[in-house]
>>> print(open('query.cif').read())   # mmCIF, C-alpha atoms and all ligand atoms
data_upload
loop_
_atom_site.label_atom_id
_atom_site.label_comp_id
_atom_site.auth_asym_id
_atom_site.auth_seq_id
_atom_site.Cartn_x
_atom_site.Cartn_y
_atom_site.Cartn_z
CA MET F 206 89.93 138.92 -12.53
CA VAL F 207 90.58 135.36 -13.56
CA ASP F 208 88.15 132.68 -14.70
CA VAL F 209 90.28 129.67 -13.83
CA ILE F 210 93.18 129.05 -11.46
CA ILE F 211 95.39 126.19 -12.55
CA VAL F 212 97.66 124.64 -9.96
CA GLY F 213 100.79 123.22 -11.58
CA ALA F 214 102.62 124.02 -14.82
CA GLY F 215 103.40 120.51 -16.06
CA PHE F 216 101.68 119.01 -19.10
CA ALA F 217 98.26 118.78 -17.39
CA GLY F 218 98.33 122.41 -16.27
CA ALA F 219 100.02 123.98 -19.29
CA VAL F 220 97.81 122.27 -21.89
CA SER F 221 94.69 123.14 -19.84
CA ALA F 222 95.79 126.77 -19.68
CA ASN F 223 96.52 126.88 -23.37
CA LEU F 224 93.16 125.40 -24.39
CA LEU F 225 91.15 127.58 -22.03
CA ALA F 226 92.93 130.72 -23.19
CA THR F 227 92.99 130.04 -26.92
CA ARG F 228 89.77 128.11 -27.52
CA HIS F 229 87.52 129.48 -24.78
CA ASN F 230 88.91 132.97 -24.32
CA LYS F 231 89.19 132.44 -20.55
CA LYS F 232 91.52 134.41 -18.29
CA VAL F 233 93.79 131.92 -16.61
CA LEU F 234 96.19 132.14 -13.69
CA VAL F 235 98.72 129.30 -13.53
CA ILE F 236 100.43 128.90 -10.16
CA GLU F 237 103.48 126.74 -9.82
CA LYS F 238 105.29 126.10 -6.57
CA ARG F 239 108.65 125.40 -8.16
CA ALA F 240 110.84 128.12 -9.63
CA HIS F 241 110.15 126.97 -13.18
CA ILE F 242 107.42 125.76 -15.53
CA GLY F 243 107.35 122.34 -17.23
CA GLY F 244 106.87 120.14 -14.16
CA ASN F 245 109.02 117.02 -14.33
CA CYS F 246 109.56 117.56 -18.07
CA TYR F 247 111.73 120.60 -17.35
CA ASP F 248 115.01 120.59 -19.25
CA GLU F 249 117.96 122.96 -19.36
CA ILE F 250 121.49 123.31 -20.76
CA ASP F 251 123.93 122.24 -18.05
CA GLU F 252 127.49 123.38 -17.32
CA ASN F 253 128.81 120.97 -19.96
CA GLY F 254 126.64 122.57 -22.65
CA ILE F 255 124.39 119.50 -22.79
CA LEU F 256 120.58 119.62 -22.74
CA ILE F 257 119.60 117.58 -19.70
CA HIS F 258 116.22 116.56 -18.27
CA ARG F 259 116.47 117.62 -14.64
CA TYR F 260 113.80 115.18 -13.48
CA GLY F 261 114.82 112.15 -15.48
CA PRO F 262 114.66 111.13 -19.14
CA HIS F 263 111.50 112.13 -21.01
CA LEU F 264 111.16 110.61 -24.45
CA PHE F 265 108.07 111.63 -26.31
CA HIS F 266 106.10 108.94 -28.14
CA THR F 267 102.51 108.69 -29.24
CA SER F 268 100.25 106.98 -31.72
CA SER F 269 97.67 109.75 -31.43
CA LYS F 270 97.66 111.97 -34.50
CA GLU F 271 95.58 114.51 -32.60
CA VAL F 272 98.12 114.81 -29.76
CA TRP F 273 101.02 114.96 -32.20
CA GLU F 274 99.41 117.67 -34.32
CA TYR F 275 98.35 119.71 -31.31
CA LEU F 276 101.85 119.75 -29.77
CA SER F 277 103.40 120.41 -33.17
CA GLU F 278 101.83 123.87 -33.01
CA PHE F 279 104.23 124.67 -30.17
CA THR F 280 107.45 122.91 -31.10
CA GLN F 281 109.48 121.53 -33.92
CA TRP F 282 110.64 117.99 -33.39
CA GLN F 283 113.90 116.15 -33.56
CA PRO F 284 113.30 112.52 -34.51
CA TYR F 285 114.46 110.26 -31.71
CA GLU F 286 113.79 106.57 -31.07
CA HIS F 287 114.63 105.48 -27.54
CA LYS F 288 116.75 102.37 -27.04
CA VAL F 289 117.49 100.82 -23.67
CA LEU F 290 119.94 98.10 -22.72
CA ALA F 291 119.81 96.04 -19.56
CA HIS F 292 123.02 94.98 -17.84
CA ILE F 293 122.53 91.24 -17.31
CA ASP F 294 125.23 88.74 -16.35
CA GLY F 295 127.95 91.17 -17.44
CA LYS F 296 126.36 91.84 -20.88
CA ASN F 297 124.33 94.78 -22.17
CA ALA F 298 121.30 93.41 -24.01
CA PRO F 299 118.26 95.19 -25.50
CA ILE F 300 115.04 95.57 -23.58
CA PRO F 301 112.11 95.17 -23.92
CA PHE F 302 113.36 91.56 -24.00
CA ASN F 303 112.96 90.44 -27.63
CA LEU F 304 114.32 87.77 -29.97
CA ASN F 305 117.62 89.66 -30.32
CA THR F 306 117.98 89.66 -26.53
CA LEU F 307 117.34 85.94 -26.51
CA TYR F 308 120.26 85.27 -28.87
CA GLN F 309 122.55 87.61 -26.93
CA LEU F 310 121.96 85.98 -23.58
CA PHE F 311 121.52 82.27 -24.38
CA PRO F 312 123.65 79.69 -26.24
CA GLN F 313 122.58 79.81 -29.91
CA GLU F 314 121.10 76.29 -30.02
CA TYR F 315 118.95 76.84 -26.96
CA ALA F 316 117.96 80.31 -28.18
CA ARG F 317 116.72 78.67 -31.41
CA VAL F 318 114.60 76.19 -29.44
CA LEU F 319 113.12 79.00 -27.37
CA GLU F 320 112.45 81.17 -30.41
CA GLU F 321 110.58 78.31 -32.09
CA LYS F 322 108.47 77.74 -28.98
CA LEU F 323 107.71 81.43 -28.58
CA LEU F 324 106.61 81.67 -32.20
CA LYS F 325 104.47 78.55 -31.84
CA ASN F 326 102.69 79.91 -28.79
CA TYR F 327 102.45 83.62 -29.61
CA GLN F 328 101.91 85.74 -32.72
CA ILE F 329 104.99 87.39 -34.24
CA ASN F 330 105.36 91.07 -33.28
CA THR F 331 103.09 90.84 -30.25
CA LYS F 332 103.83 91.95 -26.69
CA ILE F 333 103.53 89.55 -23.76
CA PRO F 334 103.63 90.92 -20.20
CA ILE F 335 106.11 89.04 -18.02
CA LEU F 336 103.36 88.00 -15.60
CA GLU F 337 101.54 86.41 -18.56
CA LEU F 338 104.61 84.58 -19.87
CA LYS F 339 105.10 83.16 -16.38
CA LYS F 340 101.78 81.32 -16.76
CA SER F 341 103.03 79.36 -19.79
CA SER F 342 102.56 75.59 -19.48
CA ASP F 343 105.58 74.78 -21.67
CA LYS F 344 108.58 73.79 -19.54
CA ASP F 345 111.17 75.69 -21.62
CA LEU F 346 109.03 78.82 -21.79
CA GLN F 347 108.49 78.53 -18.03
CA GLU F 348 112.25 78.51 -17.62
CA LEU F 349 112.65 81.49 -19.94
CA ALA F 350 109.94 83.41 -18.07
CA ASN F 351 111.64 82.70 -14.75
CA PHE F 352 114.97 83.86 -16.16
CA ILE F 353 113.48 87.16 -17.44
CA TYR F 354 111.53 87.64 -14.22
CA GLU F 355 114.59 87.08 -12.04
CA LYS F 356 117.16 88.91 -14.17
CA ILE F 357 115.13 91.88 -15.40
CA PHE F 358 112.04 92.46 -13.29
CA VAL F 359 112.22 91.35 -9.70
CA ASN F 360 115.19 93.36 -8.44
CA TYR F 361 114.54 96.42 -10.59
CA THR F 362 110.95 96.53 -9.33
CA ALA F 363 112.14 96.12 -5.74
CA LYS F 364 114.41 99.14 -6.20
CA GLN F 365 111.89 101.20 -8.15
CA TRP F 366 108.82 100.56 -6.02
CA GLY F 367 109.93 98.67 -2.93
CA LEU F 368 107.51 95.92 -4.06
CA LYS F 369 107.34 92.60 -5.92
CA PRO F 370 105.96 92.71 -9.49
CA GLU F 371 102.82 90.80 -8.34
CA GLU F 372 102.09 93.42 -5.70
CA LEU F 373 101.70 96.13 -8.34
CA GLU F 374 98.83 96.52 -10.77
CA SER F 375 99.81 94.30 -13.72
CA SER F 376 99.85 97.23 -16.18
CA VAL F 377 103.02 98.59 -14.52
CA THR F 378 105.37 95.76 -15.51
CA ALA F 379 103.37 95.30 -18.74
CA ARG F 380 104.81 98.67 -19.83
CA VAL F 381 108.01 96.75 -20.60
CA PRO F 382 106.66 93.54 -22.16
CA ILE F 383 108.44 90.63 -23.83
CA PHE F 384 108.40 91.42 -27.55
CA ILE F 385 108.00 88.48 -29.93
CA GLY F 386 109.99 90.11 -32.70
CA ARG F 387 113.28 91.81 -33.47
CA ASP F 388 112.49 95.45 -32.77
CA ASN F 389 115.00 96.81 -30.21
CA ARG F 390 113.20 100.12 -29.72
CA TYR F 391 111.75 100.87 -26.28
CA PHE F 392 108.50 102.14 -27.79
CA ASN F 393 106.80 101.29 -31.04
CA ASP F 394 104.47 104.25 -31.39
CA ILE F 395 104.00 105.93 -34.75
CA PHE F 396 105.42 109.28 -33.63
CA GLN F 397 108.66 109.33 -31.66
CA ALA F 398 110.72 112.49 -31.13
CA VAL F 399 111.95 115.08 -28.67
CA PRO F 400 111.16 118.81 -28.87
CA LYS F 401 113.95 120.30 -30.99
CA GLU F 402 114.62 123.15 -28.57
CA GLY F 403 113.67 121.17 -25.49
CA TYR F 404 110.57 120.70 -23.36
CA THR F 405 110.96 123.96 -21.46
CA LYS F 406 110.68 125.92 -24.70
CA LEU F 407 107.60 123.89 -25.64
CA PHE F 408 106.00 124.84 -22.30
CA GLU F 409 106.94 128.51 -22.76
CA ASN F 410 105.13 128.43 -26.09
CA LEU F 411 102.06 126.69 -24.62
CA LEU F 412 101.80 129.39 -21.96
CA ASP F 413 102.64 132.37 -24.14
CA HIS F 414 99.22 134.02 -24.48
CA PRO F 415 97.77 137.33 -23.28
CA ASN F 416 95.04 135.46 -21.37
CA ILE F 417 97.58 133.43 -19.38
CA GLN F 418 99.41 134.69 -16.35
CA VAL F 419 102.01 132.46 -14.70
CA GLU F 420 103.25 132.76 -11.12
CA THR F 421 106.19 130.57 -10.13
CA ASN F 422 107.41 129.97 -6.57
CA VAL F 423 103.79 130.18 -5.42
CA ASP F 424 101.98 127.61 -3.32
CA PHE F 425 98.26 127.19 -4.00
CA LYS F 426 97.59 128.18 -0.39
CA LYS F 427 98.48 131.75 -1.35
CA HIS F 428 95.25 131.90 -3.33
CA PHE F 429 92.85 129.47 -1.68
CA SER F 430 92.33 126.84 0.96
CA ILE F 431 89.82 124.06 1.36
CA LYS F 432 87.07 124.67 3.90
CA GLU F 433 84.92 121.61 4.42
CA ASP F 434 82.95 121.36 1.19
CA ALA F 435 84.02 124.62 -0.42
CA ILE F 436 87.06 126.45 -1.68
CA GLY F 437 87.93 129.50 0.39
CA PHE F 438 89.54 132.03 -1.95
CA LYS F 439 91.95 134.53 -0.43
CA ASN F 440 91.29 137.29 -2.99
CA ASP F 441 88.07 138.29 -4.69
CA PHE F 442 88.21 135.18 -6.82
CA THR F 443 85.17 133.04 -7.39
CA CYS F 444 86.53 130.86 -10.09
CA LYS F 445 87.13 127.32 -11.16
CA VAL F 446 90.24 125.45 -10.05
CA ILE F 447 92.11 122.89 -12.11
CA TYR F 448 94.39 121.09 -9.70
CA THR F 449 97.26 118.97 -11.01
CA GLY F 450 99.30 118.42 -7.83
CA ALA F 451 99.25 115.59 -5.30
CA ILE F 452 95.63 115.14 -4.25
CA ASP F 453 96.33 114.27 -0.61
CA GLU F 454 98.14 117.58 -0.17
CA LEU F 455 95.16 119.53 -1.54
CA PHE F 456 92.93 118.11 1.17
CA ASN F 457 95.50 118.36 3.91
CA PHE F 458 95.90 114.56 4.10
CA ARG F 459 92.39 114.14 5.58
CA PHE F 460 92.27 110.47 4.48
CA GLY F 461 95.93 109.88 5.21
CA GLU F 462 99.01 110.12 3.04
CA LEU F 463 98.70 108.71 -0.46
CA PRO F 464 102.03 107.06 -1.28
CA TYR F 465 103.95 108.38 -4.25
CA ARG F 466 107.37 107.21 -5.31
CA SER F 467 110.18 109.71 -5.61
CA VAL F 468 113.61 109.51 -7.20
CA ASP F 469 116.89 111.05 -6.14
CA MET F 470 118.36 112.28 -9.44
CA CYS F 471 122.18 112.28 -9.27
CA PHE F 472 123.95 113.95 -12.18
CA GLU F 473 127.65 113.41 -12.82
CA THR F 474 130.11 114.89 -15.28
CA VAL F 475 132.39 112.36 -16.92
CA ASP F 476 135.61 113.60 -18.44
CA LYS F 477 135.33 111.87 -21.81
CA PRO F 478 133.20 112.48 -24.91
CA TYR F 479 130.88 109.50 -24.32
CA PHE F 480 130.25 107.29 -21.28
CA GLN F 481 128.05 104.46 -22.59
CA GLU F 482 126.82 102.92 -25.82
CA ALA F 483 123.10 103.74 -25.44
CA THR F 484 120.97 106.54 -24.00
CA THR F 485 119.85 104.42 -21.06
CA ILE F 486 121.33 101.32 -19.48
CA ASN F 487 119.24 99.63 -16.80
CA TYR F 488 120.91 97.86 -13.89
CA PRO F 489 118.27 95.48 -12.53
CA ASN F 490 120.68 93.50 -10.36
CA ASP F 491 123.68 95.73 -9.67
CA HIS F 492 124.00 99.00 -7.76
CA ALA F 493 121.43 100.94 -5.74
CA PHE F 494 120.38 103.04 -8.75
CA THR F 495 118.01 101.63 -11.37
CA ARG F 496 119.49 103.11 -14.53
CA ILE F 497 122.05 105.44 -16.04
CA THR F 498 121.01 107.88 -18.75
CA GLU F 499 123.49 109.78 -20.91
CA PHE F 500 121.79 112.85 -22.33
CA LYS F 501 124.19 113.44 -25.21
CA HIS F 502 122.58 110.51 -27.01
CA ILE F 503 119.25 112.37 -27.05
CA HIS F 504 120.52 115.76 -28.21
CA PRO F 505 123.89 115.00 -29.85
CA ILE F 506 126.58 117.65 -29.47
CA THR F 507 130.37 117.59 -29.79
CA THR F 508 131.92 118.22 -26.38
CA GLN F 509 134.90 116.76 -24.51
CA LYS F 510 132.78 115.92 -21.45
CA THR F 511 129.48 114.14 -20.99
CA THR F 512 126.68 114.27 -18.42
CA ILE F 513 125.13 111.14 -16.96
CA LEU F 514 122.25 110.63 -14.55
CA LYS F 515 121.90 107.87 -11.97
CA GLU F 516 118.37 107.39 -10.59
CA TYR F 517 117.95 106.30 -6.98
CA PRO F 518 114.28 105.59 -6.22
CA GLN F 519 113.05 106.51 -2.75
CA ALA F 520 109.84 106.93 -0.76
CA HIS F 521 108.22 110.32 -1.27
CA ILE F 522 108.05 112.54 1.79
CA PRO F 523 105.47 115.34 1.43
CA HIS F 524 107.01 118.85 1.45
CA GLN F 525 110.51 117.34 1.21
CA THR F 526 110.85 115.27 -1.94
CA ILE F 527 109.29 115.48 -5.39
CA PRO F 528 106.50 113.00 -6.14
CA TYR F 529 107.07 111.22 -9.46
CA TYR F 530 104.91 108.13 -9.58
CA PRO F 531 101.60 106.99 -8.07
CA ILE F 532 102.13 103.55 -6.53
CA PHE F 533 99.64 101.17 -8.04
CA THR F 534 98.50 98.74 -5.37
CA ASP F 535 94.92 97.77 -4.42
CA GLU F 536 95.28 99.41 -1.02
CA ASN F 537 96.47 102.72 -2.48
CA GLN F 538 93.72 102.70 -5.10
CA MET F 539 91.16 102.39 -2.31
CA ARG F 540 92.65 105.33 -0.46
CA TYR F 541 92.71 107.35 -3.67
CA LYS F 542 89.03 106.58 -4.16
CA GLN F 543 88.24 108.21 -0.83
CA TYR F 544 89.85 111.41 -2.07
CA ALA F 545 88.25 111.14 -5.52
CA ASP F 546 84.80 110.67 -3.94
CA TYR F 547 85.35 113.61 -1.63
CA VAL F 548 86.22 115.88 -4.58
CA LYS F 549 82.73 115.28 -5.93
CA ASN F 550 81.46 117.61 -3.16
CA PHE F 551 83.24 120.47 -4.87
CA GLN F 552 81.62 121.73 -8.02
CA ASN F 553 84.48 123.97 -9.02
CA ILE F 554 87.50 121.65 -8.72
CA VAL F 555 88.75 119.54 -11.62
CA LEU F 556 91.56 117.05 -11.06
CA LEU F 557 93.96 116.40 -13.91
CA GLY F 558 97.30 114.66 -14.22
CA ARG F 559 99.50 111.95 -12.80
CA LEU F 560 99.53 113.26 -9.24
CA ALA F 561 95.94 114.48 -8.97
CA GLU F 562 94.35 111.47 -10.68
CA TYR F 563 96.85 109.00 -9.21
CA LYS F 564 97.45 107.52 -12.66
CA TYR F 565 100.64 106.45 -14.42
CA TYR F 566 100.07 108.77 -17.38
CA ASP F 567 102.72 109.07 -20.07
CA MET F 568 103.16 112.54 -21.54
CA ASP F 569 100.96 111.84 -24.55
CA ASP F 570 98.25 110.24 -22.37
CA ILE F 571 97.82 113.36 -20.28
CA VAL F 572 97.80 115.66 -23.31
CA GLU F 573 95.09 113.44 -24.81
CA LYS F 574 93.12 113.49 -21.54
CA VAL F 575 93.22 117.31 -21.38
CA LEU F 576 92.22 117.60 -25.05
CA GLU F 577 89.20 115.38 -24.25
CA THR F 578 88.36 117.25 -21.02
CA ILE F 579 88.57 120.87 -22.18
CA ILE F 580 86.48 120.88 -25.34
N1 LIG F 601 110.93 97.24 -15.19
C1 LIG F 601 111.80 96.29 -14.70
N2 LIG F 601 113.04 96.20 -15.24
C2 LIG F 601 113.47 97.01 -16.23
C3 LIG F 601 112.59 97.96 -16.75
C4 LIG F 601 111.32 98.06 -16.19
O1 LIG F 601 111.46 95.57 -13.77
O2 LIG F 601 114.64 96.87 -16.68
C5 LIG F 601 109.58 97.33 -14.57
C6 LIG F 601 109.63 98.18 -13.31
O3 LIG F 601 108.65 97.72 -12.40
C7 LIG F 601 109.28 99.55 -13.85
C8 LIG F 601 108.20 99.20 -14.87
O4 LIG F 601 108.68 97.98 -15.46
O5 LIG F 601 108.82 100.42 -12.86
C9 LIG F 601 107.95 100.25 -15.92
O6 LIG F 601 109.18 100.63 -16.50
P1 LIG F 601 109.33 101.96 -17.38
O7 LIG F 601 110.66 101.93 -18.03
O8 LIG F 601 108.14 102.11 -18.24
O9 LIG F 601 109.33 103.07 -16.24
P2 LIG F 601 109.54 104.65 -16.37
O10 LIG F 601 110.30 104.91 -17.60
O11 LIG F 601 108.18 105.24 -16.36
O12 LIG F 601 110.32 105.02 -15.17
#
>>> encode(input="query.cif", output="structure tokens")
Amino acid sequence: MVDVIIVGAGFAGAVSANLLATRHNKKVLVIEKRAHIGGNCYDEIDENGILIHRYGPHLFHTSSKEVWEYLSEFTQWQPYEHKVLAHIDGKNAPIPFNLNTLYQLFPQEYARVLEEKLLKNYQINTKIPILELKKSSDKDLQELANFIYEKIFVNYTAKQWGLKPEELESSVTARVPIFIGRDNRYFNDIFQAVPKEGYTKLFENLLDHPNIQVETNVDFKKHFSIKEDAIGFKNDFTCKVIYTGAIDELFNFRFGELPYRSVDMCFETVDKPYFQEATTINYPNDHAFTRITEFKHIHPITTQKTTILKEYPQAHIPHQTIPYYPIFTDENQMRYKQYADYVKNFQNIVLLGRLAEYKYYDMDDIVEKVLETII
């Protein structure tokens, strides 16, 4: 018999399983519809001998000591600070846009004027969302904001979401703010690293416990279905369910499809030791893909070939593509609320994770959420 069924073996599911098994001595069954654990964090060694992230680059960063210490029980870390360049007007310049970017993209005299104005209007080492900078009353800063908006945000966001930056909840573009300083790193959290032996190994360790049973290639419908206001279990189960998948799918789309964004991940082998100068180069204005990631920069290895990934965002089609991102618009939030309210009729279902809670969680955010939920 099991005490809890957990649907999904990504961070939300695997950390839930681990805590229930180790801290609460519960018997847990984790069911995962893909052939592997780890959700979209899954990584593997490819045919070039390079550790790749099959579902796009995952760079761990957190300022939570609790999250860091908890995960450190299951992995050793390799220090890694992510750096991203954006291809703008034929140049590769650091983003988040910062004072170094300013001097790379503008004539030095004008860059100096802009730097002075930025420092007069904002505190050094602070982050300003692009939609905030656009509200500046200073004419030069207005011009700078328009430049950044046009060259970095508007076309990238159109590719990534099919929307204008203003149509999305402001926190989405605020993830990549303008940085009033000279730090070229993509994140400035206290802890930044990747699991030394990869994410998949970290997940294996999280799930390696006598109280945890994992079934891959299994759809939740094998074990239960939703019947009006109750869960109909197929076996003799009468247990709790932690559901981490797409919430509209759980309820058979009763309030309509909840849009998620998907990405077509296209890997290529390049016949030279290195392809590009940084791990990730964003292409806001060129090509149909948003960015190219070269995995060798994350886990360095000496090989004659290299593996790169081009990401082509696309609409998610249930049962056909993989959902990656909730799409943060007012309309979608309202639809999500219908589902979230409906779940309240079920005493034994808990929703956790990016897809089930329709939230743009980073990896550390969801680990923190699970640590707070399963106490
Ligand atoms: N963004 C952009 N241009 C960039 C990088 C980011 O317009 O060069 C916007 C875009 O809307 C994107 C959001 O900022 O979806 C968040 O970017 P982030 O890199 O955090 O996305 P993730 O790594 O989660 O895919």
>>> residues_near_ligand(input="query.cif", ligand="ligand LIG 601 (chain F)", cutoff="7 Å", atoms="all atoms listed in the file", output="list of chain:residue names")
F:Ala291, F:Ile357, F:Phe358, F:Val359, F:Asn360, F:Tyr361, F:Thr362, F:Gln365, F:Trp366, F:Pro370, F:Val377, F:Thr378, F:Ala379, F:Arg380, F:Val381, F:Asn487, F:Tyr488, F:Pro489
>>> residues_around(input="query.cif", residues="Leu323 in chain F", least_positions_apart="6", cutoff="10 Å", atoms="only C-alpha atoms", output="PyMOL selection string")
chain F and resi 304+317+329+338+343+345-346+349+385-386
>>> residues_around(input="query.cif", residues="Val220 in chain F", least_positions_apart="5", cutoff="10 Å", atoms="only C-alpha atoms", output="JSON, numbers by chain")
{"F": [214, 215, 225, 226, 275, 276, 408, 411, 412, 571, 572, 573, 574, 575, 576, 579]}
>>> closest_atom_pairs(input="query.cif", of="range 350-466 of chain F", to="range 240-255 of chain F", cutoff="12 Å", atoms="only C-alpha atoms", output="tab-separated table")
residue	atom	partner	partner_atom	distance
F:Val399	CA	F:Cys246	CA	11.1
F:Pro400	CA	F:Asp248	CA	10.5
F:Lys401	CA	F:Asp248	CA	11.8
F:Glu402	CA	F:Asp248	CA	9.7
F:Gly403	CA	F:Asp248	CA	6.4
F:Tyr404	CA	F:Asp248	CA	6.1
F:Thr405	CA	F:Tyr247	CA	5.4
F:Lys406	CA	F:Asp248	CA	8.8
F:Leu407	CA	F:Gly243	CA	8.6
F:Phe408	CA	F:Gly243	CA	5.8
F:Glu409	CA	F:Ile242	CA	7.8
F:Asn410	CA	F:Gly243	CA	11.0
F:Leu411	CA	F:Gly243	CA	10.1
F:Leu412	CA	F:Ile242	CA	9.3
F:Asp413	CA	F:Ile242	CA	11.9
F:Val419	CA	F:Ile242	CA	8.7
F:Glu420	CA	F:Ala240	CA	9.0
F:Thr421	CA	F:Ala240	CA	5.3
F:Asn422	CA	F:Ala240	CA	5.0
F:Val423	CA	F:Ala240	CA	8.5
F:Asp424	CA	F:Ala240	CA	10.9
F:Thr449	CA	F:Gly244	CA	10.2
F:Gly450	CA	F:Gly244	CA	10.0
>>> atom_distance(input="query.cif", atom1="CA of Glu562 in chain F", atom2="CA of Glu577 in chain F")
15.0 Å
>>> closest_atom_pairs(input="query.cif", of="range 298-401 of chain F", to="range 534-555 of chain F", cutoff="12 Å", atoms="all atoms listed in the file", output="tab-separated table")
residue	atom	partner	partner_atom	distance
F:Trp366	CA	F:Thr534	CA	10.5
F:Gly367	CA	F:Thr534	CA	11.7
F:Leu368	CA	F:Thr534	CA	9.5
F:Lys369	CA	F:Thr534	CA	10.8
F:Pro370	CA	F:Thr534	CA	10.4
F:Glu371	CA	F:Thr534	CA	9.5
F:Glu372	CA	F:Thr534	CA	6.4
F:Leu373	CA	F:Thr534	CA	5.1
F:Glu374	CA	F:Thr534	CA	5.8
F:Ser375	CA	F:Thr534	CA	9.5
F:Ser376	CA	F:Thr534	CA	11.0
F:Val377	CA	F:Thr534	CA	10.2
>>> write_last_selection(input="query.cif", atoms="C-alpha atoms", output="tab-separated table (two decimals), in the coordinates of the input")
chain	number	residue	atom	x	y	z
F	366	TRP	CA	108.82	100.56	-6.02
F	367	GLY	CA	109.93	98.67	-2.93
F	368	LEU	CA	107.51	95.92	-4.06
F	369	LYS	CA	107.34	92.60	-5.92
F	370	PRO	CA	105.96	92.71	-9.49
F	371	GLU	CA	102.82	90.80	-8.34
F	372	GLU	CA	102.09	93.42	-5.70
F	373	LEU	CA	101.70	96.13	-8.34
F	374	GLU	CA	98.83	96.52	-10.77
F	375	SER	CA	99.81	94.30	-13.72
F	376	SER	CA	99.85	97.23	-16.18
F	377	VAL	CA	103.02	98.59	-14.52
>>> closest_residue(input="query.cif", among="F:Arg228, F:His292, F:Lys332, F:Gln418", to="Glu482 in chain F", atoms="all atoms listed in the file")
F:His292
>>> closest_residue(input="query.cif", among="F:Phe472, F:Phe392, F:Tyr260, F:Tyr285", to="His502 in chain F", atoms="all atoms listed in the file")
F:Tyr285
>>> residues_around(input="query.cif", residues="Leu319 in chain F", least_positions_apart="4", cutoff="12 Å", atoms="all atoms listed in the file", output="list in words")
Asn303, Leu304, Asn305, Thr306, Leu307, Tyr308, Leu310, Phe311, Pro312, Gln313, Glu314, Tyr315, Leu323, Leu324, Lys325, Asn326, Tyr327, Asp343, Lys344, Asp345, Leu346, Gln347, Glu348, Leu349, Ala350 and Ile385 of chain F
>>> closest_residue(input="query.cif", among="F:Ala483, F:Asp569, F:Glu473, F:Gly461", to="Ile503 in chain F", atoms="only C-alpha atoms")
F:Ala483
>>> residues_around(input="query.cif", residues="range 476-479 of chain F", least_positions_apart="2", cutoff="7 Å", atoms="all atoms listed in the file", output="list in words")
Thr474, Gln481, Thr508, Gln509, Lys510 and Thr511 of chain F
>>> residues_around(input="query.cif", residues="Asp567 in chain F", least_positions_apart="5", cutoff="9 Å", atoms="all atoms listed in the file", output="list in words")
Phe265, His266, Arg559 and Val572 of chain F
>>> residues_near_point(input="query.cif", point="(97.2, 128.4, -29.6)", cutoff="8 Å", atoms="only C-alpha atoms", output="ChimeraX atom specification")
/F:223-224,227-228,278-279,411,414
>>> closest_residue(input="query.cif", among="F:Lys564, F:Lys501, F:Lys322, F:Lys515", to="Tyr529 in chain F", atoms="all atoms listed in the file")
F:Lys564
>>> atom_distance(input="query.cif", atom1="CA of Arg496 in chain F", atom2="CA of Leu290 in chain F")
9.6 Å
